[in-house]
Structure formats: structure tokens, C-alpha cells
file entry06.cif (mmCIF, C-alpha atoms)
data_data
loop_
_atom_site.group_PDB
_atom_site.id
_atom_site.type_symbol
_atom_site.label_atom_id
_atom_site.label_comp_id
_atom_site.auth_asym_id
_atom_site.auth_seq_id
_atom_site.Cartn_x
_atom_site.Cartn_y
_atom_site.Cartn_z
ATOM 1 C CA MET C 17 40.562 77.794 115.942
ATOM 2 C CA ALA C 18 42.994 80.307 117.389
ATOM 3 C CA SER C 19 46.320 79.108 118.787
ATOM 4 C CA ALA C 20 47.161 79.408 122.462
ATOM 5 C CA TYR C 21 49.097 82.522 123.433
ATOM 6 C CA LEU C 22 50.558 84.279 126.443
ATOM 7 C CA GLN C 23 48.542 87.362 127.416
ATOM 8 C CA VAL C 24 50.408 90.014 129.393
ATOM 9 C CA ILE C 25 48.675 92.953 131.083
ATOM 10 C CA ALA C 26 51.200 95.407 132.507
ATOM 11 C CA HIS C 27 50.147 98.411 134.576
ATOM 12 C CA TYR C 28 52.802 101.137 134.782
ATOM 13 C CA PHE C 29 52.261 103.948 137.280
ATOM 14 C CA ALA C 30 54.494 106.941 136.581
ATOM 15 C CA LYS C 31 55.591 109.127 139.454
ATOM 16 C CA PRO C 32 52.808 111.689 140.019
ATOM 17 C CA GLY C 33 52.597 114.248 137.225
ATOM 18 C CA THR C 34 55.316 112.699 135.068
ATOM 19 C CA GLY C 35 53.306 110.445 132.756
ATOM 20 C CA ASP C 36 54.180 112.507 129.684
ATOM 21 C CA ALA C 37 57.835 111.531 130.028
ATOM 22 C CA ILE C 38 57.273 107.844 129.335
ATOM 23 C CA VAL C 39 55.186 108.188 126.164
ATOM 24 C CA LYS C 40 58.171 108.593 123.860
ATOM 25 C CA PRO C 41 60.305 105.738 125.251
ATOM 26 C CA LEU C 42 57.226 103.483 125.385
ATOM 27 C CA THR C 43 56.564 104.256 121.720
ATOM 28 C CA GLU C 44 60.140 103.274 120.871
ATOM 29 C CA LEU C 45 59.928 100.145 123.031
ATOM 30 C CA ALA C 46 56.674 99.125 121.331
ATOM 31 C CA ALA C 47 58.210 99.293 117.862
ATOM 32 C CA ALA C 48 61.242 97.244 118.900
ATOM 33 C CA THR C 49 59.145 94.656 120.739
ATOM 34 C CA ARG C 50 56.872 94.056 117.750
ATOM 35 C CA ALA C 51 59.948 92.873 115.867
ATOM 36 C CA GLU C 52 60.621 90.064 118.367
ATOM 37 C CA PRO C 53 59.954 86.639 116.801
ATOM 38 C CA LYS C 54 57.584 85.540 119.585
ATOM 39 C CA ASN C 55 55.671 88.818 119.866
ATOM 40 C CA LEU C 56 52.139 88.807 118.473
ATOM 41 C CA TYR C 57 50.880 92.144 119.821
ATOM 42 C CA TYR C 58 52.203 95.153 121.733
ATOM 43 C CA GLU C 59 50.220 98.336 122.327
ATOM 44 C CA PHE C 60 50.100 100.761 125.219
ATOM 45 C CA PHE C 61 47.270 102.877 126.558
ATOM 46 C CA ARG C 62 46.824 105.686 129.078
ATOM 47 C CA SER C 63 44.052 106.400 131.531
ATOM 48 C CA PRO C 64 42.057 109.567 130.752
ATOM 49 C CA VAL C 65 41.212 109.674 134.464
ATOM 50 C CA ASP C 66 44.787 109.268 135.755
ATOM 51 C CA PRO C 67 47.334 110.260 133.074
ATOM 52 C CA ASP C 68 50.125 108.669 135.117
ATOM 53 C CA HIS C 69 48.504 105.241 134.744
ATOM 54 C CA PHE C 70 49.491 103.283 131.629
ATOM 55 C CA VAL C 71 48.494 99.815 130.494
ATOM 56 C CA ILE C 72 50.542 97.745 128.114
ATOM 57 C CA LEU C 73 48.838 94.827 126.373
ATOM 58 C CA GLU C 74 51.227 92.206 125.047
ATOM 59 C CA GLN C 75 50.748 88.820 123.431
ATOM 60 C CA TYR C 76 53.412 86.199 122.773
ATOM 61 C CA SER C 77 53.248 82.929 120.911
ATOM 62 C CA ASP C 78 55.016 81.000 123.690
ATOM 63 C CA ALA C 79 54.840 80.830 127.471
ATOM 64 C CA ASP C 80 58.423 82.141 127.724
ATOM 65 C CA GLY C 81 57.767 85.122 125.437
ATOM 66 C CA LEU C 82 57.740 87.661 128.250
ATOM 67 C CA ALA C 83 60.983 86.329 129.729
ATOM 68 C CA VAL C 84 62.615 86.492 126.300
ATOM 69 C CA HIS C 85 61.309 90.055 125.881
ATOM 70 C CA ARG C 86 62.814 91.147 129.187
ATOM 71 C CA ASP C 87 66.204 89.829 128.109
ATOM 72 C CA THR C 88 66.335 91.803 124.856
ATOM 73 C CA PRO C 89 68.755 94.729 124.499
ATOM 74 C CA HIS C 90 65.843 97.095 123.791
ATOM 75 C CA PHE C 91 64.034 96.165 127.017
ATOM 76 C CA GLN C 92 67.248 96.349 129.012
ATOM 77 C CA ARG C 93 67.907 99.839 127.646
ATOM 78 C CA LEU C 94 64.401 101.353 127.368
ATOM 79 C CA GLY C 95 62.541 99.327 129.984
ATOM 80 C CA PHE C 96 65.028 98.906 132.802
ATOM 81 C CA GLY C 97 67.223 101.854 131.791
ATOM 82 C CA THR C 98 64.720 104.593 130.945
ATOM 83 C CA ILE C 99 61.083 103.816 131.757
ATOM 84 C CA ILE C 100 61.111 101.835 134.987
ATOM 85 C CA PRO C 101 63.200 104.438 136.880
ATOM 86 C CA LEU C 102 60.402 106.934 136.062
ATOM 87 C CA LEU C 103 57.736 104.750 137.703
ATOM 88 C CA ASP C 104 56.277 104.656 141.157
ATOM 89 C CA ARG C 105 55.345 101.005 140.649
ATOM 90 C CA ARG C 106 54.267 98.441 138.105
ATOM 91 C CA GLU C 107 51.944 95.451 138.233
ATOM 92 C CA VAL C 108 52.395 92.766 135.599
ATOM 93 C CA THR C 109 50.186 89.715 135.186
ATOM 94 C CA SER C 110 50.540 87.062 132.515
ATOM 95 C CA HIS C 111 48.625 83.916 131.728
ATOM 96 C CA MET C 112 48.227 81.485 128.871
ATOM 97 C CA VAL C 113 44.995 81.764 126.914
ATOM 98 C CA PRO C 114 43.942 78.369 125.537
ATOM 99 C CA GLY C 115 43.630 78.075 121.804
ATOM 100 C CA ASP C 116 39.880 77.641 121.877
ATOM 101 C CA ALA C 117 39.172 80.456 124.338
ATOM 102 C CA ALA C 118 40.150 83.610 122.468
ATOM 103 C CA MET X 172 46.399 81.832 146.238
ATOM 104 C CA ALA X 173 44.269 84.155 144.114
ATOM 105 C CA SER X 174 40.798 83.013 143.061
ATOM 106 C CA ALA X 175 39.937 82.346 139.440
ATOM 107 C CA TYR X 176 38.342 85.245 137.600
ATOM 108 C CA LEU X 177 37.039 86.202 134.181
ATOM 109 C CA GLN X 178 39.374 88.620 132.389
ATOM 110 C CA VAL X 179 37.793 90.781 129.693
ATOM 111 C CA ILE X 180 39.821 92.888 127.260
ATOM 112 C CA ALA X 181 37.563 95.097 125.141
ATOM 113 C CA HIS X 182 38.908 97.239 122.306
ATOM 114 C CA TYR X 183 36.592 100.059 121.290
ATOM 115 C CA PHE X 184 37.392 101.968 118.108
ATOM 116 C CA ALA X 185 35.511 105.261 117.855
ATOM 117 C CA LYS X 186 34.615 106.627 114.456
ATOM 118 C CA PRO X 187 37.667 108.586 113.231
ATOM 119 C CA GLY X 188 38.202 111.809 115.151
ATOM 120 C CA THR X 189 35.359 111.261 117.627
ATOM 121 C CA GLY X 190 37.152 109.576 120.515
ATOM 122 C CA ASP X 191 36.564 112.510 122.858
ATOM 123 C CA ALA X 192 32.809 111.892 122.742
ATOM 124 C CA ILE X 193 32.975 108.524 124.472
ATOM 125 C CA VAL X 194 35.134 109.534 127.450
ATOM 126 C CA LYS X 195 32.245 110.928 129.498
ATOM 127 C CA PRO X 196 29.779 108.049 128.953
ATOM 128 C CA LEU X 197 32.598 105.524 129.545
ATOM 129 C CA THR X 198 33.395 107.246 132.826
ATOM 130 C CA GLU X 199 29.750 106.956 133.849
ATOM 131 C CA LEU X 200 29.569 103.331 132.699
ATOM 132 C CA ALA X 201 32.717 102.489 134.672
ATOM 133 C CA ALA X 202 31.267 103.814 137.924
ATOM 134 C CA ALA X 203 28.005 101.912 137.463
ATOM 135 C CA THR X 204 29.783 98.690 136.494
ATOM 136 C CA ARG X 205 32.009 98.730 139.564
ATOM 137 C CA ALA X 206 28.846 98.484 141.664
ATOM 138 C CA GLU X 207 27.823 95.167 140.049
ATOM 139 C CA PRO X 208 28.122 92.297 142.556
ATOM 140 C CA LYS X 209 30.306 90.182 140.248
ATOM 141 C CA ASN X 210 32.576 92.995 139.070
ATOM 142 C CA LEU X 211 36.115 92.998 140.476
ATOM 143 C CA TYR X 212 37.720 95.652 138.247
ATOM 144 C CA TYR X 213 36.707 98.091 135.522
ATOM 145 C CA GLU X 214 39.040 100.711 134.062
ATOM 146 C CA PHE X 215 39.384 102.177 130.593
ATOM 147 C CA PHE X 216 42.399 103.484 128.747
ATOM 148 C CA ARG X 217 43.118 105.388 125.535
ATOM 149 C CA SER X 218 45.911 105.040 123.019
ATOM 150 C CA PRO X 219 48.269 108.046 122.880
ATOM 151 C CA VAL X 220 49.052 106.988 119.312
ATOM 152 C CA ASP X 221 45.437 106.622 118.123
ATOM 153 C CA PRO X 222 43.057 108.622 120.368
ATOM 154 C CA ASP X 223 40.073 106.835 118.822
ATOM 155 C CA HIS X 224 41.311 103.507 120.214
ATOM 156 C CA PHE X 225 40.155 102.658 123.736
ATOM 157 C CA VAL X 226 40.785 99.571 125.841
ATOM 158 C CA ILE X 227 38.537 98.514 128.693
ATOM 159 C CA LEU X 228 39.939 96.059 131.230
ATOM 160 C CA GLU X 229 37.283 94.214 133.207
ATOM 161 C CA GLN X 230 37.412 91.407 135.747
ATOM 162 C CA TYR X 231 34.485 89.417 137.096
ATOM 163 C CA SER X 232 34.305 86.833 139.833
ATOM 164 C CA ASP X 233 32.284 84.403 137.689
ATOM 165 C CA ALA X 234 32.366 83.126 134.127
ATOM 166 C CA ASP X 235 28.969 84.679 133.438
ATOM 167 C CA GLY X 236 29.985 88.104 134.765
ATOM 168 C CA LEU X 237 30.263 89.706 131.334
ATOM 169 C CA ALA X 238 26.863 88.389 130.254
ATOM 170 C CA VAL X 239 25.310 89.715 133.460
ATOM 171 C CA HIS X 240 27.029 93.076 132.864
ATOM 172 C CA ARG X 241 25.583 93.328 129.353
ATOM 173 C CA ASP X 242 22.079 92.762 130.724
ATOM 174 C CA THR X 243 22.240 95.597 133.253
ATOM 175 C CA PRO X 244 20.165 98.747 132.721
ATOM 176 C CA HIS X 245 23.336 100.876 132.758
ATOM 177 C CA PHE X 246 24.985 98.851 129.973
ATOM 178 C CA GLN X 247 21.776 98.809 127.958
ATOM 179 C CA ARG X 248 21.526 102.599 128.240
ATOM 180 C CA LEU X 249 25.180 103.729 128.123
ATOM 181 C CA GLY X 250 26.758 100.837 126.238
ATOM 182 C CA PHE X 251 24.202 99.901 123.616
ATOM 183 C CA GLY X 252 22.372 103.242 123.701
ATOM 184 C CA THR X 253 25.180 105.809 123.764
ATOM 185 C CA ILE X 254 28.699 104.437 123.278
ATOM 186 C CA ILE X 255 28.390 101.613 120.763
ATOM 187 C CA PRO X 256 26.574 103.781 118.163
ATOM 188 C CA LEU X 257 29.657 106.070 118.260
ATOM 189 C CA LEU X 258 32.024 103.224 117.367
ATOM 190 C CA ASP X 259 33.406 101.974 114.107
ATOM 191 C CA ARG X 260 33.924 98.555 115.655
ATOM 192 C CA ARG X 261 34.755 96.726 118.859
ATOM 193 C CA GLU X 262 36.727 93.579 119.639
ATOM 194 C CA VAL X 263 36.025 91.829 122.926
ATOM 195 C CA THR X 264 37.883 88.791 124.231
ATOM 196 C CA SER X 265 37.267 87.093 127.555
ATOM 197 C CA HIS X 266 38.821 84.107 129.251
ATOM 198 C CA MET X 267 38.992 82.595 132.697
ATOM 199 C CA VAL X 268 42.278 83.035 134.530
ATOM 200 C CA PRO X 269 42.952 80.085 136.859
ATOM 201 C CA GLY X 270 43.312 80.840 140.535
ATOM 202 C CA ASP X 271 46.984 80.002 140.617
ATOM 203 C CA ALA X 272 47.963 81.884 137.441
ATOM 204 C CA ALA X 273 47.338 85.538 138.230
#
call {"tool": "encode", "arguments": {"input": "entry06.cif", "output": "C-alpha cells"}}
result
Amino acid sequence: MASAYLQVIAHYFAKPGTGDAIVKPLTELAAATRAEPKNLYYEFFRSPVDPDHFVILEQYSDADGLAVHRDTPHFQRLGFGTIIPLLDRREVTSHMVPGDAA
Amino acid sequence: MASAYLQVIAHYFAKPGTGDAIVKPLTELAAATRAEPKNLYYEFFRSPVDPDHFVILEQYSDADGLAVHRDTPHFQRLGFGTIIPLLDRREVTSHMVPGDAA
């Protein structure tokens, strides 16, 4: 049986026409995040229909994994410092997935 | 307070180098799925790192929404008939998100 985990689905909407600019910092952020002790999964994807619309799928082993992630130096620098200023908006949902539901 | 919903995260891995071929049928499938009575959300995304890796995010108002979706004529034709034969593999997880957790 799989263990419970925190599932995060983050939608990032780049300012119109500027989606290309966040691919490189997101790639760097992904690599750094995967090294966090509580991170189980981190990948990002882009809409073929709207290339300014990105989705980041994240999984953490604990309910506080996302909060810990946001406090890391790499998220402070790449997330708050570089990527988020390039966005129009973001929508982030997170919820625990029970161990027997995955 | 938001209502509970079924969250589906589907990873589709096209056969190496053939990801472009599933964009058009996925676009058609998305439009048809959004017209299902129980569907709340259907969008698909593509990895900039691995263009053969797609993610479909789906939400349904009921726990049986995914099963109903798979029984529709459009999923039988486009999903089973067109898209899935182009894949190496797919990984689909689904879980209910409680009404107060979204």
C-alpha cells in the first residue's frame, strides 16, 4: 500500500507572450526542489494551447512539505525572486492523498 | 466552502519522438470531455523537457466521473481508438478532494 502524500498542483500564468522566459528558471528550480528531503516528485508542464500556462506537479512526504519548500533558499531566489515577478497570476492547490487512494 | 470533487492526474507517455501526433486528438478529446455533465475541468499539458510526456488534469463532480468519462463514445473513439495506441504507457491516479481542502 502506498504511503500518504501531499499533492500540489500549481498553475502559473506568465504575462502574455512571455512563457519562454520561465522555462529555464523553472528547470533550475525543479532540480533544486528534487533534492529537498521531503520532496517525492517535481515536474512542470506547459499547455500546447496556451504557452503562457504552466502546471507544476509536486508531491511531498509530509503535509508541511510545501511550506518547507517555500522557505528554501532556492525557492526564495528562483520562485519569489525570478519566476513569480514574470507571472500574471498563479493558482496553487494542495491536498493530502490517503495512503490507500493513490 | 468548495464542494468535494474527483481529481484525476493522467500521465501519457507517447512512443519516443511521436508526441506531436497526440496533440490534435487530445485537443478534440478535451473539448468533448468538457461537455460531459460531471466534468468540471479538463486541460492537458506537455513537458518542455520531454515532449513525449503529457499530463492531463481532470476534475469531476462525482467519484464515478472518470468511469463515466471512459464509457463515452468520444473516449472510446479518441482515447482507446486513437491516442492510447500511440502511447508507450500511461499512469493515471485519481482521488477525491474533500470540500474543505481545495
call {"tool": "interface_residues", "arguments": {"input": "entry06.cif", "of": "chain X", "to": "chain C", "cutoff": "6 Å", "atoms": "only C-alpha atoms", "output": "PyMOL selection string"}}
result
chain X and resi 216-218+264+273
call {"tool": "calpha_fit_and_write", "arguments": {"input": "entry06.cif", "fixed": "chain X", "moving": "chain C", "output": "mmCIF file with C-alpha atoms, in the coordinates of the input"}}
result
data_model
loop_
_atom_site.group_PDB
_atom_site.id
_atom_site.type_symbol
_atom_site.label_atom_id
_atom_site.label_comp_id
_atom_site.auth_asym_id
_atom_site.auth_seq_id
_atom_site.Cartn_x
_atom_site.Cartn_y
_atom_site.Cartn_z
ATOM 1 C CA MET C 17 46.415 81.937 146.256
ATOM 2 C CA ALA C 18 44.258 84.183 144.106
ATOM 3 C CA SER C 19 40.794 83.015 143.059
ATOM 4 C CA ALA C 20 39.930 82.335 139.441
ATOM 5 C CA TYR C 21 38.342 85.234 137.581
ATOM 6 C CA LEU C 22 37.037 86.200 134.168
ATOM 7 C CA GLN C 23 39.371 88.623 132.380
ATOM 8 C CA VAL C 24 37.783 90.785 129.691
ATOM 9 C CA ILE C 25 39.807 92.896 127.254
ATOM 10 C CA ALA C 26 37.551 95.103 125.141
ATOM 11 C CA HIS C 27 38.901 97.243 122.310
ATOM 12 C CA TYR C 28 36.567 100.075 121.283
ATOM 13 C CA PHE C 29 37.379 101.966 118.089
ATOM 14 C CA ALA C 30 35.511 105.265 117.858
ATOM 15 C CA LYS C 31 34.618 106.639 114.458
ATOM 16 C CA PRO C 32 37.663 108.597 113.224
ATOM 17 C CA GLY C 33 38.209 111.813 115.163
ATOM 18 C CA THR C 34 35.369 111.269 117.631
ATOM 19 C CA GLY C 35 37.151 109.567 120.527
ATOM 20 C CA ASP C 36 36.568 112.512 122.859
ATOM 21 C CA ALA C 37 32.821 111.898 122.751
ATOM 22 C CA ILE C 38 32.975 108.529 124.488
ATOM 23 C CA VAL C 39 35.141 109.535 127.459
ATOM 24 C CA LYS C 40 32.261 110.923 129.498
ATOM 25 C CA PRO C 41 29.795 108.048 128.956
ATOM 26 C CA LEU C 42 32.597 105.517 129.529
ATOM 27 C CA THR C 43 33.404 107.235 132.825
ATOM 28 C CA GLU C 44 29.755 106.950 133.863
ATOM 29 C CA LEU C 45 29.576 103.328 132.702
ATOM 30 C CA ALA C 46 32.723 102.481 134.677
ATOM 31 C CA ALA C 47 31.275 103.816 137.924
ATOM 32 C CA ALA C 48 28.014 101.910 137.472
ATOM 33 C CA THR C 49 29.774 98.682 136.493
ATOM 34 C CA ARG C 50 32.015 98.718 139.565
ATOM 35 C CA ALA C 51 28.858 98.484 141.658
ATOM 36 C CA GLU C 52 27.830 95.168 140.065
ATOM 37 C CA PRO C 53 28.133 92.288 142.564
ATOM 38 C CA LYS C 54 30.316 90.172 140.254
ATOM 39 C CA ASN C 55 32.581 92.991 139.071
ATOM 40 C CA LEU C 56 36.113 92.984 140.465
ATOM 41 C CA TYR C 57 37.717 95.626 138.232
ATOM 42 C CA TYR C 58 36.710 98.084 135.512
ATOM 43 C CA GLU C 59 39.029 100.715 134.057
ATOM 44 C CA PHE C 60 39.372 102.173 130.590
ATOM 45 C CA PHE C 61 42.400 103.478 128.744
ATOM 46 C CA ARG C 62 43.117 105.372 125.528
ATOM 47 C CA SER C 63 45.909 105.029 123.019
ATOM 48 C CA PRO C 64 48.262 108.040 122.883
ATOM 49 C CA VAL C 65 49.050 106.975 119.313
ATOM 50 C CA ASP C 66 45.431 106.620 118.136
ATOM 51 C CA PRO C 67 43.058 108.625 120.374
ATOM 52 C CA ASP C 68 40.071 106.838 118.832
ATOM 53 C CA HIS C 69 41.301 103.503 120.205
ATOM 54 C CA PHE C 70 40.153 102.652 123.736
ATOM 55 C CA VAL C 71 40.771 99.569 125.840
ATOM 56 C CA ILE C 72 38.544 98.519 128.682
ATOM 57 C CA LEU C 73 39.937 96.055 131.219
ATOM 58 C CA GLU C 74 37.290 94.216 133.206
ATOM 59 C CA GLN C 75 37.412 91.409 135.738
ATOM 60 C CA TYR C 76 34.481 89.407 137.081
ATOM 61 C CA SER C 77 34.306 86.817 139.810
ATOM 62 C CA ASP C 78 32.285 84.381 137.677
ATOM 63 C CA ALA C 79 32.376 83.108 134.110
ATOM 64 C CA ASP C 80 28.960 84.686 133.430
ATOM 65 C CA GLY C 81 29.987 88.106 134.770
ATOM 66 C CA LEU C 82 30.253 89.705 131.345
ATOM 67 C CA ALA C 83 26.855 88.378 130.260
ATOM 68 C CA VAL C 84 25.311 89.707 133.469
ATOM 69 C CA HIS C 85 27.017 93.068 132.863
ATOM 70 C CA ARG C 86 25.589 93.322 129.358
ATOM 71 C CA ASP C 87 22.091 92.763 130.715
ATOM 72 C CA THR C 88 22.239 95.593 133.258
ATOM 73 C CA PRO C 89 20.171 98.752 132.715
ATOM 74 C CA HIS C 90 23.343 100.877 132.758
ATOM 75 C CA PHE C 91 24.980 98.857 129.967
ATOM 76 C CA GLN C 92 21.774 98.819 127.952
ATOM 77 C CA ARG C 93 21.536 102.606 128.241
ATOM 78 C CA LEU C 94 25.195 103.730 128.128
ATOM 79 C CA GLY C 95 26.770 100.839 126.239
ATOM 80 C CA PHE C 96 24.203 99.906 123.622
ATOM 81 C CA GLY C 97 22.372 103.248 123.703
ATOM 82 C CA THR C 98 25.182 105.814 123.763
ATOM 83 C CA ILE C 99 28.694 104.430 123.270
ATOM 84 C CA ILE C 100 28.388 101.618 120.749
ATOM 85 C CA PRO C 101 26.574 103.782 118.151
ATOM 86 C CA LEU C 102 29.649 106.076 118.260
ATOM 87 C CA LEU C 103 32.024 103.225 117.363
ATOM 88 C CA ASP C 104 33.404 101.974 114.107
ATOM 89 C CA ARG C 105 33.926 98.544 115.663
ATOM 90 C CA ARG C 106 34.751 96.718 118.856
ATOM 91 C CA GLU C 107 36.720 93.576 119.634
ATOM 92 C CA VAL C 108 36.014 91.835 122.923
ATOM 93 C CA THR C 109 37.871 88.804 124.236
ATOM 94 C CA SER C 110 37.265 87.092 127.553
ATOM 95 C CA HIS C 111 38.826 84.112 129.245
ATOM 96 C CA MET C 112 38.996 82.580 132.689
ATOM 97 C CA VAL C 113 42.272 83.045 134.534
ATOM 98 C CA PRO C 114 42.959 80.096 136.850
ATOM 99 C CA GLY C 115 43.299 80.858 140.513
ATOM 100 C CA ASP C 116 46.974 80.001 140.630
ATOM 101 C CA ALA C 117 47.953 81.888 137.473
ATOM 102 C CA ALA C 118 47.369 85.536 138.337
#
call {"tool": "axis_aligned_box", "arguments": {"input": "entry06.cif", "around": "region 185-189 of chain X", "padding_each_side": "4 Å", "output": "JSON"}}
result
{"center_x": 36.4, "center_y": 108.5, "center_z": 115.5, "size_x": 11.6, "size_y": 14.5, "size_z": 12.6}
call {"tool": "atom_distance", "arguments": {"input": "entry06.cif", "atom1": "CA of Ser174 (chain X)", "atom2": "CA of Lys209 (chain X)"}}
result
13.0 Å
call {"tool": "residues_around", "arguments": {"input": "entry06.cif", "residues": "Thr189 (chain X)", "least_positions_apart": "2", "cutoff": "12 Å", "atoms": "only C-alpha atoms", "output": "count of residues only"}}
result
19
call {"tool": "atom_distance", "arguments": {"input": "entry06.cif", "atom1": "CA of Val239 (chain X)", "atom2": "CA of Gly270 (chain X)"}}
result
21.3 Å
call {"tool": "resolve_selection", "arguments": {"input": "entry06.cif", "expression": "the PyMOL selection byres ((chain C and resi 53) around 10)", "output": "number ranges by chain"}}
result
C: 49-52, 54-56, 76-77, 81, 84-85
call {"tool": "closest_residue", "arguments": {"input": "entry06.cif", "among": "X:Asp242, X:Gly250, X:Asp235, X:Ala175", "to": "Glu199 (chain X)", "atoms": "all atoms listed in the file"}}
result
X:Gly250
call {"tool": "atom_distance", "arguments": {"input": "entry06.cif", "atom1": "CA of Leu249 (chain X)", "atom2": "CA of Leu177 (chain X)"}}
result
22.0 Å
call {"tool": "closest_residue", "arguments": {"input": "entry06.cif", "among": "X:Gln178, X:Ala173, X:Gly188, X:Thr243", "to": "Leu200 (chain X)", "atoms": "only C-alpha atoms"}}
result
X:Thr243
